[in-house]
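S.K.: Before I ask anything, let me first share the structure, which is written out below as structure tokens.
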Amino acid sequence: MPRPQKCRRVAYVPGVTYFKPAGIPMRSLEEIQLSVEEAEALRLKDLEGMEQGPASERMNVSRPTFQRVLSSARRKVADVLLNGRAIRISGGNYEMASRRLRCRSGHEWDAPLEPEADKSPALCPTCNTPGTHK
Ligand SMILES: [Zn+2]
């Protein structure tokens with residue numbers, strides 16, 4: 001029986017999710033799908049330069065799983081760049097990383113965990129005052 005796949009934790013979903021080579025009609029392009037967790041592995045390892053250990057912990061997966069997701073992502077990106085394919089970032093098996101925040105009035109809520117969120121505190125959905133880490 002296949003082991004149920006653990007949910008990979010993702011802290012960032014790219015805003016731009018489709019890329020295609022200029023000047024080639026869509027119908028003659030092969031489209032590659034990059035999953036959101038593959039994009040996250042690329043972001044952590046190649047963009048932020050994290051080591052594999054901390055990066056796999058951030059995504060809540062084992063190192064071999066992280067390595068497999070990362071290798072798959074790199075192979076797809078190379079294929080897209082070198083063979084002139086379109087790429088769509090979507091789907092996959094992941095959950096958004098979030099953190100519990102609390103405002104001065106004691107309301108609590110979950111806010112998405114993003115690098116930027118550390119600088120500007122999320123506002124309380126009830127009373128609109130900034131929240132802090134619990
Ligand atoms: Zn509040």
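Labels for the structure tokens follow display order: chains A, B, ..., residues from 1 in each chain, ligands from 1.
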Which neighbours of stretch 81-83 of chain A fall inside 12 Å, counting only C-alpha atoms, when residues of the same chain fewer than 5 positions from it are skipped, and could you give them as a list in words?
M.R.: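 These residues fall inside the cut-off: Phe19, Lys20, Pro21, Ala22, Leu29, Glu30, Glu31, Ile32, Arg74, Arg75 and Lys76 of chain A.
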S.K.: Write the selection just made, keeping C-alpha atoms, as a JSON list (two decimals), in the first residue's frame?
M.R.:
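Just written: part.json:
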```json
[["chain", "number", "residue", "atom", "x", "y", "z"],
["A", 19, "PHE", "CA", 5.81, 31.85, -18.49],
["A", 20, "LYS", "CA", 6.20, 31.21, -22.21],
["A", 21, "PRO", "CA", 8.86, 31.86, -24.82],
["A", 22, "ALA", "CA", 8.28, 35.06, -26.81],
["A", 29, "LEU", "CA", 4.26, 24.93, -27.14],
["A", 30, "GLU", "CA", 4.58, 22.07, -24.76],
["A", 31, "GLU", "CA", 3.52, 23.11, -21.29],
["A", 32, "ILE", "CA", 5.38, 21.96, -18.20],
["A", 74, "ARG", "CA", 15.54, 22.09, -11.48],
["A", 75, "ARG", "CA", 15.07, 19.55, -14.27],
["A", 76, "LYS", "CA", 11.78, 21.17, -15.29]]
```
S.K.: Excluding A:Glu95 and any residue of its chain fewer than 3 positions from it, enumerate the residues within 10 Å of it, using only C-alpha atoms, and give them as a VMD selection string.
M.R.: chain A and resid 6 to 11 36 to 37 59 92 98
S.K.: The selected residues should be written to file as a compact mmCIF listing (two decimals), in the first residue's frame (atoms: C-alpha atoms).
M.R.:
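Contents of part_19.txt, as written:
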```txt
# COMPACT_ATOMS: atom_id res chain seq x y z
CA LYS A 6 2.83 14.13 3.88
CA CYS A 7 1.77 17.69 3.18
CA ARG A 8 4.69 19.88 2.19
CA ARG A 9 4.68 23.25 3.90
CA VAL A 10 4.94 26.25 1.63
CA ALA A 11 5.43 29.86 2.79
CA VAL A 36 3.89 24.98 -5.87
CA GLU A 37 6.12 22.91 -3.60
CA MET A 59 8.91 22.53 4.21
CA GLY A 92 0.81 20.01 -5.96
CA SER A 98 0.87 30.10 8.90
```
S.K.: Give me the chain A side of the contact with ligand 1, cut-off 8 Å, one line per residue showing its nearest atom pair and distance in Å at one decimal, counting only C-alpha atoms and all ligand atoms, sorted by chain and residue number, as JSON lines.
M.R.:
```
{"residue": "A:Arg102", "atom": "CA", "partner": "ligand 1", "partner_atom_place_in_ligand_line": "1 (Zn)", "distance": 7.2}
{"residue": "A:Cys103", "atom": "CA", "partner": "ligand 1", "partner_atom_place_in_ligand_line": "1 (Zn)", "distance": 4.9}
{"residue": "A:Arg104", "atom": "CA", "partner": "ligand 1", "partner_atom_place_in_ligand_line": "1 (Zn)", "distance": 6.5}
{"residue": "A:Ser105", "atom": "CA", "partner": "ligand 1", "partner_atom_place_in_ligand_line": "1 (Zn)", "distance": 5.1}
{"residue": "A:Gly106", "atom": "CA", "partner": "ligand 1", "partner_atom_place_in_ligand_line": "1 (Zn)", "distance": 6.2}
{"residue": "A:His107", "atom": "CA", "partner": "ligand 1", "partner_atom_place_in_ligand_line": "1 (Zn)", "distance": 4.5}
{"residue": "A:Glu108", "atom": "CA", "partner": "ligand 1", "partner_atom_place_in_ligand_line": "1 (Zn)", "distance": 7.3}
{"residue": "A:Leu123", "atom": "CA", "partner": "ligand 1", "partner_atom_place_in_ligand_line": "1 (Zn)", "distance": 7.9}
{"residue": "A:Cys124", "atom": "CA", "partner": "ligand 1", "partner_atom_place_in_ligand_line": "1 (Zn)", "distance": 4.7}
{"residue": "A:Pro125", "atom": "CA", "partner": "ligand 1", "partner_atom_place_in_ligand_line": "1 (Zn)", "distance": 6.6}
{"residue": "A:Thr126", "atom": "CA", "partner": "ligand 1", "partner_atom_place_in_ligand_line": "1 (Zn)", "distance": 4.9}
{"residue": "A:Cys127", "atom": "CA", "partner": "ligand 1", "partner_atom_place_in_ligand_line": "1 (Zn)", "distance": 4.1}
{"residue": "A:Asn128", "atom": "CA", "partner": "ligand 1", "partner_atom_place_in_ligand_line": "1 (Zn)", "distance": 6.1}
{"residue": "A:Thr129", "atom": "CA", "partner": "ligand 1", "partner_atom_place_in_ligand_line": "1 (Zn)", "distance": 5.9}
{"residue": "A:Pro130", "atom": "CA", "partner": "ligand 1", "partner_atom_place_in_ligand_line": "1 (Zn)", "distance": 7.9}
{"residue": "A:Gly131", "atom": "CA", "partner": "ligand 1", "partner_atom_place_in_ligand_line": "1 (Zn)", "distance": 7.6}
```
S.K.: Considering only C-alpha atoms, can you say which of A:Pro25, A:Pro14, A:Gly84, A:Pro64 comes closest to A:Leu42?
M.R.: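 Counting only C-alpha atoms, the residue closest to A:Leu42 is A:Pro14.
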S.K.: Between atom CA of A:Tyr94 and atom CA of A:Met26, what is the distance in Å, rounded to a tenth?
M.R.: 28.7 Å
S.K.: Given only C-alpha atoms as the basis, pick out the residue of A:Glu51, A:Met96, A:Glu38, A:Ser56 nearest to A:Ser72.
M.R.: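 Smallest separation from A:Ser72 among the options: A:Glu38.
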S.K.: Which residues are close to A:Gln33, i.e. within 7 Å by only C-alpha atoms, leaving aside same-chain residues fewer than 4 positions away? Reply as a list in words.
M.R.: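 Listed by chain and then number, they are Ile87, Arg88, Ile89 and Ser90 of chain A.
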S.K.: Return the single residue from A:Leu70, A:Leu34, A:Val80, A:Val61 that is closest to A:Asp46, with distances computed using only C-alpha atoms.
M.R.: A:Leu70
S.K.: What residues in chain A get the DSSP label alpha helix (DSSP H)? Please answer as number ranges by chain.
M.R.: A: 36-42, 52-58, 63-83
